[in-house]
Amino acid sequence: MSKKLLIVDDEVDLREILVEEFILAGFEVMQAENGKKAFEIIQKNHFDIVISDVRMPGGSGIELLDNIKKLTGHQPKVILITGYSDITPEESILRGALKVINKPFNLIDLVD
């Protein structure tokens, strides 16, 4: 059974590249353009992993992480991606993230 993944990023090109790579790696993938839309999708679907940009109009990755932590029942693991120092790796882990990955990142490493 494949892992179910949600990609959240406001940059359409990056989001599509990530979706394609994870599909090729055998994941079942959905996508959202911001944290608000992502949380709506998460409330209706079960995901194993959420990979989210931090800075996005319409709901940041940090807000999404905080909302996921309020859910009762299953909570997907969250990996945050950022090109800024909005949140330290330590702070993100305290808030419930699995990891913070800085941009630019190695796509193969992320998929692995």
# chains A, B, ... in the order shown; residues from 1 in each chain; ligands from 1
>>> residues_around(residues="Ile79 in chain A", least_positions_apart="3", cutoff="10 Å", atoms="only C-alpha atoms", output="list in words")
Ile7, Ile49, Val50, Ile51, Ser52, Asp53, Val54, Gly61, Leu65, Pro76, Ser92, Ile93, Gly96, Ala97, Leu98, Lys99, Val100, Ile101 and Leu110 of chain A
>>> write_last_selection(atoms="C-alpha atoms", output="mmCIF file, in the first residue's frame")
data_model
loop_
_atom_site.group_PDB
_atom_site.id
_atom_site.type_symbol
_atom_site.label_atom_id
_atom_site.label_comp_id
_atom_site.auth_asym_id
_atom_site.auth_seq_id
_atom_site.Cartn_x
_atom_site.Cartn_y
_atom_site.Cartn_z
ATOM 1 C CA ILE A 7 2.205 18.835 -1.027
ATOM 2 C CA ILE A 49 2.963 12.972 5.365
ATOM 3 C CA VAL A 50 2.446 16.682 4.642
ATOM 4 C CA ILE A 51 5.256 18.643 2.987
ATOM 5 C CA SER A 52 4.539 22.350 3.252
ATOM 6 C CA ASP A 53 6.222 25.602 2.389
ATOM 7 C CA VAL A 54 6.366 27.979 5.348
ATOM 8 C CA GLY A 61 2.881 26.291 6.827
ATOM 9 C CA LEU A 65 1.210 22.766 11.486
ATOM 10 C CA PRO A 76 0.171 13.261 9.572
ATOM 11 C CA SER A 92 9.460 23.556 14.446
ATOM 12 C CA ILE A 93 10.095 20.242 16.228
ATOM 13 C CA GLY A 96 5.274 19.124 16.061
ATOM 14 C CA ALA A 97 7.130 19.141 12.734
ATOM 15 C CA LEU A 98 9.233 16.170 11.782
ATOM 16 C CA LYS A 99 11.836 18.334 10.056
ATOM 17 C CA VAL A 100 12.598 21.718 8.440
ATOM 18 C CA ILE A 101 14.324 21.675 5.068
ATOM 19 C CA LEU A 110 13.671 15.007 -0.039
#
>>> residues_around(residues="Phe39 in chain A", least_positions_apart="2", cutoff="12 Å", atoms="only C-alpha atoms", output="PyMOL selection string")
chain A and resi 6-8+31-37+41-47+50+52+58-71+75-76
>>> select_by_dssp(residues="chain A", states="strand (DSSP E)", output="VMD selection string")
chain A and resid 4 to 8 28 to 32 49 to 53 77 to 82 99 to 102
>>> write_last_selection(atoms="N, CA and C atoms", output="mmCIF file, in the first residue's frame")
data_model
loop_
_atom_site.group_PDB
_atom_site.id
_atom_site.type_symbol
_atom_site.label_atom_id
_atom_site.label_comp_id
_atom_site.auth_asym_id
_atom_site.auth_seq_id
_atom_site.Cartn_x
_atom_site.Cartn_y
_atom_site.Cartn_z
ATOM 1 N N LYS A 4 0.299 8.093 1.538
ATOM 2 C CA LYS A 4 -0.475 9.217 1.023
ATOM 3 C C LYS A 4 0.173 10.515 1.491
ATOM 4 N N LEU A 5 0.415 11.402 0.550
ATOM 5 C CA LEU A 5 1.197 12.613 0.773
ATOM 6 C C LEU A 5 0.431 13.837 0.287
ATOM 7 N N LEU A 6 0.534 14.939 1.039
ATOM 8 C CA LEU A 6 -0.034 16.224 0.623
ATOM 9 C C LEU A 6 1.111 17.213 0.463
ATOM 10 N N ILE A 7 1.212 17.805 -0.725
ATOM 11 C CA ILE A 7 2.205 18.835 -1.027
ATOM 12 C C ILE A 7 1.507 20.188 -0.954
ATOM 13 N N VAL A 8 2.080 21.115 -0.173
ATOM 14 C CA VAL A 8 1.476 22.436 0.003
ATOM 15 C C VAL A 8 2.516 23.501 -0.337
ATOM 16 N N GLU A 28 0.919 8.227 -3.238
ATOM 17 C CA GLU A 28 -0.362 8.772 -3.676
ATOM 18 C C GLU A 28 -0.336 10.230 -3.233
ATOM 19 N N VAL A 29 -0.487 11.179 -4.165
ATOM 20 C CA VAL A 29 -0.223 12.590 -3.860
ATOM 21 C C VAL A 29 -1.428 13.471 -4.159
ATOM 22 N N MET A 30 -1.699 14.382 -3.228
ATOM 23 C CA MET A 30 -2.654 15.469 -3.448
ATOM 24 C C MET A 30 -1.877 16.760 -3.232
ATOM 25 N N GLN A 31 -2.493 17.889 -3.620
ATOM 26 C CA GLN A 31 -1.791 19.162 -3.503
ATOM 27 C C GLN A 31 -2.735 20.291 -3.113
ATOM 28 N N ALA A 32 -2.133 21.335 -2.519
ATOM 29 C CA ALA A 32 -2.874 22.538 -2.140
ATOM 30 C C ALA A 32 -1.949 23.734 -2.295
ATOM 31 N N ILE A 49 1.968 11.898 5.327
ATOM 32 C CA ILE A 49 2.963 12.972 5.365
ATOM 33 C C ILE A 49 2.394 14.227 4.700
ATOM 34 N N VAL A 50 2.737 15.385 5.254
ATOM 35 C CA VAL A 50 2.446 16.682 4.642
ATOM 36 C C VAL A 50 3.786 17.390 4.472
ATOM 37 N N ILE A 51 4.065 17.832 3.250
ATOM 38 C CA ILE A 51 5.256 18.643 2.987
ATOM 39 C C ILE A 51 4.745 20.027 2.622
ATOM 40 N N SER A 52 5.102 21.015 3.427
ATOM 41 C CA SER A 52 4.539 22.350 3.252
ATOM 42 C C SER A 52 5.604 23.434 3.265
ATOM 43 N N ASP A 53 5.440 24.377 2.347
ATOM 44 C CA ASP A 53 6.222 25.602 2.389
ATOM 45 C C ASP A 53 5.823 26.340 3.668
ATOM 46 N N LYS A 77 2.587 13.274 9.668
ATOM 47 C CA LYS A 77 3.897 13.871 9.929
ATOM 48 C C LYS A 77 4.035 15.075 9.009
ATOM 49 N N VAL A 78 4.665 16.147 9.503
ATOM 50 C CA VAL A 78 4.791 17.389 8.740
ATOM 51 C C VAL A 78 6.262 17.723 8.540
ATOM 52 N N ILE A 79 6.621 17.982 7.280
ATOM 53 C CA ILE A 79 7.949 18.478 6.926
ATOM 54 C C ILE A 79 7.749 19.886 6.368
ATOM 55 N N LEU A 80 8.439 20.860 6.929
ATOM 56 C CA LEU A 80 8.345 22.242 6.469
ATOM 57 C C LEU A 80 9.525 22.566 5.557
ATOM 58 N N ILE A 81 9.241 23.342 4.512
ATOM 59 C CA ILE A 81 10.265 23.796 3.577
ATOM 60 C C ILE A 81 10.279 25.324 3.624
ATOM 61 N N THR A 82 11.479 25.906 3.742
ATOM 62 C CA THR A 82 11.546 27.365 3.802
ATOM 63 C C THR A 82 12.824 27.891 3.169
ATOM 64 N N LYS A 99 10.579 17.773 10.546
ATOM 65 C CA LYS A 99 11.836 18.334 10.056
ATOM 66 C C LYS A 99 11.570 19.654 9.340
ATOM 67 N N VAL A 100 12.612 20.509 9.269
ATOM 68 C CA VAL A 100 12.598 21.718 8.440
ATOM 69 C C VAL A 100 13.705 21.563 7.410
ATOM 70 N N ILE A 101 13.354 21.775 6.154
ATOM 71 C CA ILE A 101 14.324 21.675 5.068
ATOM 72 C C ILE A 101 14.454 23.054 4.438
ATOM 73 N N ASN A 102 15.685 23.524 4.303
ATOM 74 C CA ASN A 102 15.923 24.844 3.721
ATOM 75 C C ASN A 102 16.016 24.781 2.205
#
>>> closest_residue(among="A:Met56, A:Asp48, A:Glu40, A:Leu24", to="Asp10 in chain A", atoms="only C-alpha atoms")
A:Met56
>>> select_by_dssp(residues="chain A", states="alpha helix (DSSP H)", output="PyMOL selection string")
chain A and resi 12-24+35-44+61-69+89-94+107-111
>>> write_last_selection(atoms="C-alpha atoms", output="mmCIF file, in the first residue's frame")
data_model
loop_
_atom_site.group_PDB
_atom_site.id
_atom_site.type_symbol
_atom_site.label_atom_id
_atom_site.label_comp_id
_atom_site.auth_asym_id
_atom_site.auth_seq_id
_atom_site.Cartn_x
_atom_site.Cartn_y
_atom_site.Cartn_z
ATOM 1 C CA VAL A 12 2.880 26.262 -8.860
ATOM 2 C CA ASP A 13 6.036 25.117 -10.679
ATOM 3 C CA LEU A 14 7.718 23.788 -7.536
ATOM 4 C CA ARG A 15 4.496 22.136 -6.364
ATOM 5 C CA GLU A 16 4.058 20.340 -9.696
ATOM 6 C CA ILE A 17 7.683 19.134 -9.723
ATOM 7 C CA LEU A 18 7.287 17.753 -6.195
ATOM 8 C CA VAL A 19 3.983 16.075 -7.066
ATOM 9 C CA GLU A 20 5.507 14.391 -10.142
ATOM 10 C CA GLU A 21 8.600 13.196 -8.262
ATOM 11 C CA PHE A 22 6.623 11.713 -5.395
ATOM 12 C CA ILE A 23 4.181 9.985 -7.760
ATOM 13 C CA LEU A 24 7.166 8.438 -9.562
ATOM 14 C CA GLY A 35 -2.280 26.274 4.442
ATOM 15 C CA LYS A 36 -5.993 27.069 4.565
ATOM 16 C CA LYS A 37 -6.822 24.872 1.553
ATOM 17 C CA ALA A 38 -4.473 22.177 2.842
ATOM 18 C CA PHE A 39 -6.222 22.007 6.207
ATOM 19 C CA GLU A 40 -9.608 21.671 4.477
ATOM 20 C CA ILE A 41 -8.206 18.726 2.482
ATOM 21 C CA ILE A 42 -6.615 17.152 5.587
ATOM 22 C CA GLN A 43 -9.941 17.246 7.441
ATOM 23 C CA LYS A 44 -11.502 15.122 4.657
ATOM 24 C CA GLY A 61 2.881 26.291 6.827
ATOM 25 C CA ILE A 62 3.308 27.197 10.492
ATOM 26 C CA GLU A 63 -0.422 27.899 10.835
ATOM 27 C CA LEU A 64 -1.099 24.603 9.070
ATOM 28 C CA LEU A 65 1.210 22.766 11.486
ATOM 29 C CA ASP A 66 -0.568 24.351 14.466
ATOM 30 C CA ASN A 67 -3.992 23.388 13.046
ATOM 31 C CA ILE A 68 -2.897 19.787 12.410
ATOM 32 C CA LYS A 69 -1.728 19.492 16.033
ATOM 33 C CA PRO A 89 14.480 23.595 13.337
ATOM 34 C CA GLU A 90 14.221 23.370 17.139
ATOM 35 C CA GLU A 91 11.077 25.510 17.279
ATOM 36 C CA SER A 92 9.460 23.556 14.446
ATOM 37 C CA ILE A 93 10.095 20.242 16.228
ATOM 38 C CA LEU A 94 8.654 21.655 19.461
ATOM 39 C CA LEU A 107 15.006 16.853 -4.608
ATOM 40 C CA ILE A 108 16.348 13.284 -4.450
ATOM 41 C CA ASP A 109 17.178 13.683 -0.749
ATOM 42 C CA LEU A 110 13.671 15.007 -0.039
ATOM 43 C CA VAL A 111 12.000 12.091 -1.828
#
>>> closest_residue(among="A:Gly26, A:Gly83, A:Pro104, A:Pro57", to="Lys3 in chain A", atoms="only C-alpha atoms")
A:Gly26
